[in-house]
Amino acid sequence: MNEYKYHYLFTSFDLEMYDLEDFKYNFVNITSFRLVDIEDVGVKQILKGLRSFQHHMFQKPQNLHVRKSISIESEPALMFDSVYVFAIGLQTLKQSHTLNLSKISCDEENPWNGGLSLINYLNAVEWKGLTGPIQFKEGQRVQFKLDLIKLKQHSIIKVGEWTPHGHLNITEPSMFFDTGFMNVTLVVITILETPYVMMHYGKNFTGNERFYGFCVDILETISHEVGFDYILDLVPDRKYGAKDPETGEWNGMVAQLMKNKADLAVGSMTITYARESVIDFTKPFMNLGISILFKVPASEPTRLFSFMNPLAIEIWIYVLIAYFLVSISIYVVGKLSPNEWKYIHPCNLDIISIGNQFSLSDSFWFTIGTLMQQSTDIYPRAMSTRIISSIWGFFSLIIVASYTANLAAFLTTERMINPIENAEDLASQTEISYGTLDSGSTMTFFRDSMIETYKKMWRSMDNKRSTAFTTTYEDGIRRVNQGNYAFLMESTMLDYIVQRDCNLTQIGGLLDTKGYGIATPKGSPWRDKISLAILELQEKGDIQMLYDKWWKNTDETCTRKSASKQSKANALGLESIGGVFVVLIAGIFVAAVVALIEFWYNFRKHHRGLSGVNAKHDLTQGVVFNSEWTYTPPNRCFWFEIFEELRFASWCMNKQKRPELNTVCNKCNFSQIPTYI
Ligand code: CWD
């Protein structure tokens, strides 16, 4: 109990009189009050007198009162001051009164008459003695002070003052924290966790030499910065520390610190709220979060119809529907549009018939030819059919370009079957089991979480306690490698593992953020010093260099496929190329309107009696001609004409020829006049 951890308060005023040789060098905390201020000039003079008196009379110190003449004990000092005060009081009394000394007997109660006056004169005395300023009020001494003193690095120093009015005033508060831990040896506990703390086994390694790793390097650097030695050892139960919710007891390194069995706990020890309430933590030296370790998903097997993958299935269906819609539209519009009708035998007037290139089958052929980027020998002539052709051409261009580009991506990227993408996926399934390290902060994170997903995960893990939790993280990794198991672990460790084992990967992001710190017992004076050292190491970049040393500078790191190779090529859906369908529908609509306008224009021409090659005729009722073979249009309305034209289109189906009816041909004879073909 003679070390820096212990604090003694001496109730004597004469601490300086004791031999503290055995306590000085162990930094044990000793505090006391003193009455005699050795810094005072009067005291110094008396001490000087005492020293010379000793020298002349005894040659060496005789008793404790004046041992080494460093101070004067409080009792003789008080006695000295009392006699002095009495003398002053008596002298003043003598100056104003005649002192009549009377006979005094212990048997008789005869008070001395001058006694009351003497007390009054004593009360009025003001003097500065060995025990400080002397002043009385109603018989009580006032205005005195007590020095607060503390044993500090080989000597006793004054750290504050106490007065009856001002009470305690600590002038050197740092003395209660800065214990100047030179040559202190701390007991440090740790836990094996690659790469934080690892162990050399064998006879060649003893003591602290057995340990190496990231945290051991940090501890070594901090011990130099702060100035302490340490004995590093493993925590007996190999646990970080968690509170048993039933018994309320802690285990692992936390329990060791709580029982003051160790001064520091160093390792991948997470700072948590529950721990912080029973032990202290330094500032974090590393930041991290919980993430999911999982086996690298298998590549998707190649399929016979993989060429369909670049476009989503609904896009294929929509393209097919668009193909039918456009083919039929171009067929109908072609029929309505007068410019699409032309003489089949322009040089043979014996057969006067007009024809249309957009038969139903040719319309389908024309659209598929455009879609496949192959030209056909059909060239639209009317404005309406040209509009549809252009829009369909544009549609085909976008679809083909998108398909080609995405096909290239699909052929060059490796697609993975990933059964889980994040913690929510993990929580909502039962096929893949999952767990954490036992009695660690990851376990308590799920146990204490208020978030529904994590609560659900905790229930699942708690139900399968024996299989879900692992005693070491290596066990967790082994289980992940066996498959069908996800290990929830801390990201820094996870990074270390996935950089070395190409079969393992991180799934999703971080579930939380926290830090690793060095733990100390509650109220430990080392906490602030180590925190300062950590901040300094962080600012100098030392911790980053140590991180690189233990995480990156190694041949063990596995070379993964480049990110671009692993990048996902997703089937193009409606949200990506849906716009082109909208353009197509709008184009068909515009073309239909233009076809109607063209039809109307031709209709109007006929009804004014004009002749022209594009004039239309009544199919069912025949054609009305006058005696000069001039065409007289039947008196029918526009919509009826359209209806008839559409009827013709639907009846004729593949019939693309029809007679010319509106020829102005005075020279022709009757037999030349229309024959339906
Ligand atoms: N710890 C944990 O709970 N999960 C992990 O994956 C690793 Cl590597 C460690 C222990 C934790 N750092 C603690 O302090 O409890």
# chains A, B, ... in the order shown; residues from 1 in each chain; ligands from 1
$ residues_near_ligand --ligand "ligand 1" --cutoff "8 Å" --atoms "only C-alpha atoms and all ligand atoms" --output "list in words"
Glu193, Lys239, Tyr240, Gly241, Ala242, Gly267, Ser268, Met269, Thr270, Ile271, Ile290, Thr436, Leu437, Asp438, Ser439, Gly440, Ser441, Thr442, Met443, Thr444, Tyr473, Leu488, Met489, Glu490, Ser491, Thr492, Met493, Leu494 and Tyr516 of chain A
$ select_by_dssp --residues "region 423-521 of chain A" --states "alpha helix (DSSP H)" --output "ChimeraX atom specification"
/A:423-427,441-448,452-463,465-468,473-482,491-500
$ atom_distance --atom1 "CA of Leu50 (chain A)" --atom2 "CA of Ala77 (chain A)"
12.6 Å
$ closest_atom_pairs --of "region 218-336 of chain A" --to "region 341-346 of chain A" --cutoff "12 Å" --atoms "only C-alpha atoms" --output "Markdown table"
| residue | atom | partner | partner_atom | distance |
| --- | --- | --- | --- | --- |
| A:Val333 | CA | A:Trp341 | CA | 11.5 |
| A:Gly334 | CA | A:Trp341 | CA | 8.3 |
| A:Lys335 | CA | A:Trp341 | CA | 7.8 |
| A:Leu336 | CA | A:Trp341 | CA | 9.2 |
$ closest_residue --among "A:Val159, A:Thr367, A:Gly578, A:Gly508" --to "Ser174 (chain A)" --atoms "only C-alpha atoms"
A:Val159
$ residues_around --residues "Val226 (chain A)" --least-positions-apart "2" --cutoff "9 Å" --atoms "only C-alpha atoms" --output "ChimeraX atom specification"
/A:181,221-224,228,526,529-530,532-533
$ closest_residue --among "A:Asn169, A:Ser389, A:Thr505, A:Asn481" --to "Ile420 (chain A)" --atoms "only C-alpha atoms"
A:Thr505
$ select_by_dssp --residues "region 347-555 of chain A" --states "strand (DSSP E)" --output "list of chain:residue names"
A:Ser353, A:Ile354, A:Gly355, A:Asn356, A:Ser433, A:Tyr434, A:Gly435, A:Tyr485, A:Ala486, A:Phe487, A:Leu488, A:Met489, A:Glu490, A:Leu504, A:Thr505, A:Gln506, A:Ile507, A:Lys514, A:Gly515, A:Tyr516, A:Ala519, A:Thr520, A:Pro521
$ write_last_selection --atoms "N, CA and C atoms" --output "PDB file, in the first residue's frame"
ATOM      1  N   SER A 353     -54.895   0.502-112.760  1.00  0.00           N
ATOM      2  CA  SER A 353     -55.121   0.171-111.340  1.00  0.00           C
ATOM      3  C   SER A 353     -54.021   0.806-110.487  1.00  0.00           C
ATOM      4  N   ILE A 354     -54.399   1.196-109.292  1.00  0.00           N
ATOM      5  CA  ILE A 354     -53.425   1.802-108.369  1.00  0.00           C
ATOM      6  C   ILE A 354     -53.133   0.812-107.245  1.00  0.00           C
ATOM      7  N   GLY A 355     -51.948   0.962-106.703  1.00  0.00           N
ATOM      8  CA  GLY A 355     -51.544   0.001-105.672  1.00  0.00           C
ATOM      9  C   GLY A 355     -50.896   0.702-104.478  1.00  0.00           C
ATOM     10  N   ASN A 356     -50.755  -0.016-103.378  1.00  0.00           N
ATOM     11  CA  ASN A 356     -50.171   0.521-102.137  1.00  0.00           C
ATOM     12  C   ASN A 356     -49.101  -0.455-101.656  1.00  0.00           C
ATOM     13  N   SER A 433     -27.485 -18.407 -40.854  1.00  0.00           N
ATOM     14  CA  SER A 433     -27.410 -18.045 -39.442  1.00  0.00           C
ATOM     15  C   SER A 433     -26.317 -16.989 -39.246  1.00  0.00           C
ATOM     16  N   TYR A 434     -26.360 -16.297 -38.130  1.00  0.00           N
ATOM     17  CA  TYR A 434     -25.396 -15.240 -37.889  1.00  0.00           C
ATOM     18  C   TYR A 434     -25.134 -15.094 -36.397  1.00  0.00           C
ATOM     19  N   GLY A 435     -24.028 -14.468 -36.067  1.00  0.00           N
ATOM     20  CA  GLY A 435     -23.686 -14.323 -34.662  1.00  0.00           C
ATOM     21  C   GLY A 435     -22.566 -13.329 -34.457  1.00  0.00           C
ATOM     22  N   TYR A 485     -23.138 -18.820 -42.945  1.00  0.00           N
ATOM     23  CA  TYR A 485     -23.025 -18.134 -41.652  1.00  0.00           C
ATOM     24  C   TYR A 485     -22.443 -16.743 -41.882  1.00  0.00           C
ATOM     25  N   ALA A 486     -23.055 -15.752 -41.273  1.00  0.00           N
ATOM     26  CA  ALA A 486     -22.533 -14.377 -41.365  1.00  0.00           C
ATOM     27  C   ALA A 486     -22.054 -13.970 -39.978  1.00  0.00           C
ATOM     28  N   PHE A 487     -20.884 -13.362 -39.914  1.00  0.00           N
ATOM     29  CA  PHE A 487     -20.302 -12.980 -38.617  1.00  0.00           C
ATOM     30  C   PHE A 487     -20.337 -11.461 -38.497  1.00  0.00           C
ATOM     31  N   LEU A 488     -21.020 -10.992 -37.460  1.00  0.00           N
ATOM     32  CA  LEU A 488     -21.104  -9.542 -37.245  1.00  0.00           C
ATOM     33  C   LEU A 488     -19.894  -9.135 -36.418  1.00  0.00           C
ATOM     34  N   MET A 489     -19.034  -8.338 -36.990  1.00  0.00           N
ATOM     35  CA  MET A 489     -17.785  -8.015 -36.290  1.00  0.00           C
ATOM     36  C   MET A 489     -17.354  -6.571 -36.531  1.00  0.00           C
ATOM     37  N   GLU A 490     -16.306  -6.200 -35.839  1.00  0.00           N
ATOM     38  CA  GLU A 490     -15.856  -4.812 -35.927  1.00  0.00           C
ATOM     39  C   GLU A 490     -15.057  -4.575 -37.207  1.00  0.00           C
ATOM     40  N   LEU A 504     -13.452 -14.176 -48.317  1.00  0.00           N
ATOM     41  CA  LEU A 504     -14.361 -13.462 -47.416  1.00  0.00           C
ATOM     42  C   LEU A 504     -14.549 -12.027 -47.882  1.00  0.00           C
ATOM     43  N   THR A 505     -15.689 -11.482 -47.559  1.00  0.00           N
ATOM     44  CA  THR A 505     -15.968 -10.102 -47.979  1.00  0.00           C
ATOM     45  C   THR A 505     -16.846  -9.395 -46.955  1.00  0.00           C
ATOM     46  N   GLN A 506     -16.880  -8.082 -47.071  1.00  0.00           N
ATOM     47  CA  GLN A 506     -17.752  -7.280 -46.193  1.00  0.00           C
ATOM     48  C   GLN A 506     -19.086  -7.067 -46.901  1.00  0.00           C
ATOM     49  N   ILE A 507     -20.161  -7.239 -46.162  1.00  0.00           N
ATOM     50  CA  ILE A 507     -21.496  -7.023 -46.731  1.00  0.00           C
ATOM     51  C   ILE A 507     -22.065  -5.749 -46.113  1.00  0.00           C
ATOM     52  N   LYS A 514     -18.019   3.800 -33.391  1.00  0.00           N
ATOM     53  CA  LYS A 514     -17.465   3.868 -32.030  1.00  0.00           C
ATOM     54  C   LYS A 514     -15.949   3.875 -32.112  1.00  0.00           C
ATOM     55  N   GLY A 515     -15.306   3.747 -30.955  1.00  0.00           N
ATOM     56  CA  GLY A 515     -13.838   3.807 -30.972  1.00  0.00           C
ATOM     57  C   GLY A 515     -13.223   2.845 -29.973  1.00  0.00           C
ATOM     58  N   TYR A 516     -11.962   2.552 -30.198  1.00  0.00           N
ATOM     59  CA  TYR A 516     -11.184   1.759 -29.237  1.00  0.00           C
ATOM     60  C   TYR A 516     -10.427   2.730 -28.341  1.00  0.00           C
ATOM     61  N   ALA A 519      -8.391   1.355 -21.384  1.00  0.00           N
ATOM     62  CA  ALA A 519      -9.258   1.430 -20.202  1.00  0.00           C
ATOM     63  C   ALA A 519      -8.418   1.493 -18.925  1.00  0.00           C
ATOM     64  N   THR A 520      -8.926   2.243 -17.951  1.00  0.00           N
ATOM     65  CA  THR A 520      -8.252   2.358 -16.649  1.00  0.00           C
ATOM     66  C   THR A 520      -9.313   2.208 -15.559  1.00  0.00           C
ATOM     67  N   PRO A 521      -8.905   1.922 -14.323  1.00  0.00           N
ATOM     68  CA  PRO A 521      -9.911   1.909 -13.251  1.00  0.00           C
ATOM     69  C   PRO A 521     -10.503   3.307 -13.092  1.00  0.00           C
TER      70      PRO A 521
END
$ atom_distance --atom1 "CA of Ile451 (chain A)" --atom2 "CA of Phe294 (chain A)"
22.4 Å
$ atom_distance --atom1 "CA of Gly587 (chain A)" --atom2 "CA of Ser390 (chain A)"
8.4 Å
$ residues_around --residues "Gln91 (chain A)" --least-positions-apart "5" --cutoff "12 Å" --atoms "only C-alpha atoms" --output "ChimeraX atom specification"
/A:83-86,96-99,117-118,121-122,125
$ write_last_selection --atoms "N, CA and C atoms" --output "PDB file, in the first residue's frame"
ATOM      1  N   VAL A  83       3.149  31.773  25.635  1.00  0.00           N
ATOM      2  CA  VAL A  83       3.950  32.485  26.640  1.00  0.00           C
ATOM      3  C   VAL A  83       4.165  33.924  26.195  1.00  0.00           C
ATOM      4  N   TYR A  84       4.436  34.097  24.930  1.00  0.00           N
ATOM      5  CA  TYR A  84       4.679  35.436  24.394  1.00  0.00           C
ATOM      6  C   TYR A  84       3.453  36.316  24.542  1.00  0.00           C
ATOM      7  N   VAL A  85       2.284  35.737  24.165  1.00  0.00           N
ATOM      8  CA  VAL A  85       1.019  36.490  24.246  1.00  0.00           C
ATOM      9  C   VAL A  85       0.735  36.840  25.713  1.00  0.00           C
ATOM     10  N   PHE A  86       0.958  35.880  26.587  1.00  0.00           N
ATOM     11  CA  PHE A  86       0.720  36.121  28.013  1.00  0.00           C
ATOM     12  C   PHE A  86       1.623  37.242  28.528  1.00  0.00           C
ATOM     13  N   SER A  96      -0.864  49.833  33.031  1.00  0.00           N
ATOM     14  CA  SER A  96      -2.029  50.631  33.399  1.00  0.00           C
ATOM     15  C   SER A  96      -2.516  50.341  34.825  1.00  0.00           C
ATOM     16  N   HIS A  97      -2.181  49.231  35.368  1.00  0.00           N
ATOM     17  CA  HIS A  97      -2.633  48.880  36.708  1.00  0.00           C
ATOM     18  C   HIS A  97      -1.438  48.558  37.606  1.00  0.00           C
ATOM     19  N   THR A  98      -1.688  48.714  38.877  1.00  0.00           N
ATOM     20  CA  THR A  98      -0.682  48.256  39.842  1.00  0.00           C
ATOM     21  C   THR A  98      -1.040  46.823  40.179  1.00  0.00           C
ATOM     22  N   LEU A  99      -0.114  45.965  39.967  1.00  0.00           N
ATOM     23  CA  LEU A  99      -0.399  44.554  40.174  1.00  0.00           C
ATOM     24  C   LEU A  99      -0.148  44.196  41.633  1.00  0.00           C
ATOM     25  N   SER A 117      -9.132  41.581  34.292  1.00  0.00           N
ATOM     26  CA  SER A 117      -8.437  42.597  33.484  1.00  0.00           C
ATOM     27  C   SER A 117      -7.371  41.943  32.617  1.00  0.00           C
ATOM     28  N   LEU A 118      -6.673  40.960  33.199  1.00  0.00           N
ATOM     29  CA  LEU A 118      -5.624  40.286  32.420  1.00  0.00           C
ATOM     30  C   LEU A 118      -6.217  39.588  31.185  1.00  0.00           C
ATOM     31  N   TYR A 121      -6.911  42.078  28.563  1.00  0.00           N
ATOM     32  CA  TYR A 121      -5.676  42.522  27.885  1.00  0.00           C
ATOM     33  C   TYR A 121      -5.125  41.431  26.968  1.00  0.00           C
ATOM     34  N   LEU A 122      -5.277  40.171  27.416  1.00  0.00           N
ATOM     35  CA  LEU A 122      -4.811  39.072  26.550  1.00  0.00           C
ATOM     36  C   LEU A 122      -5.645  39.014  25.269  1.00  0.00           C
ATOM     37  N   VAL A 125      -4.499  41.338  22.597  1.00  0.00           N
ATOM     38  CA  VAL A 125      -3.143  41.207  22.034  1.00  0.00           C
ATOM     39  C   VAL A 125      -3.229  40.876  20.549  1.00  0.00           C
TER      40      VAL A 125
END
$ residues_around --residues "Val254 (chain A)" --least-positions-apart "2" --cutoff "12 Å" --atoms "only C-alpha atoms" --output "ChimeraX atom specification"
/A:189-191,235-243,249-252,256-266,269-272,274-281,439-441,518-522
$ closest_residue --among "A:Ile368, A:Leu325, A:Ile72, A:Leu407" --to "Leu584 (chain A)" --atoms "only C-alpha atoms"
A:Leu325
$ closest_residue --among "A:Thr370, A:Thr185, A:Leu234, A:Tyr496" --to "Ser396 (chain A)" --atoms "only C-alpha atoms"
A:Thr370
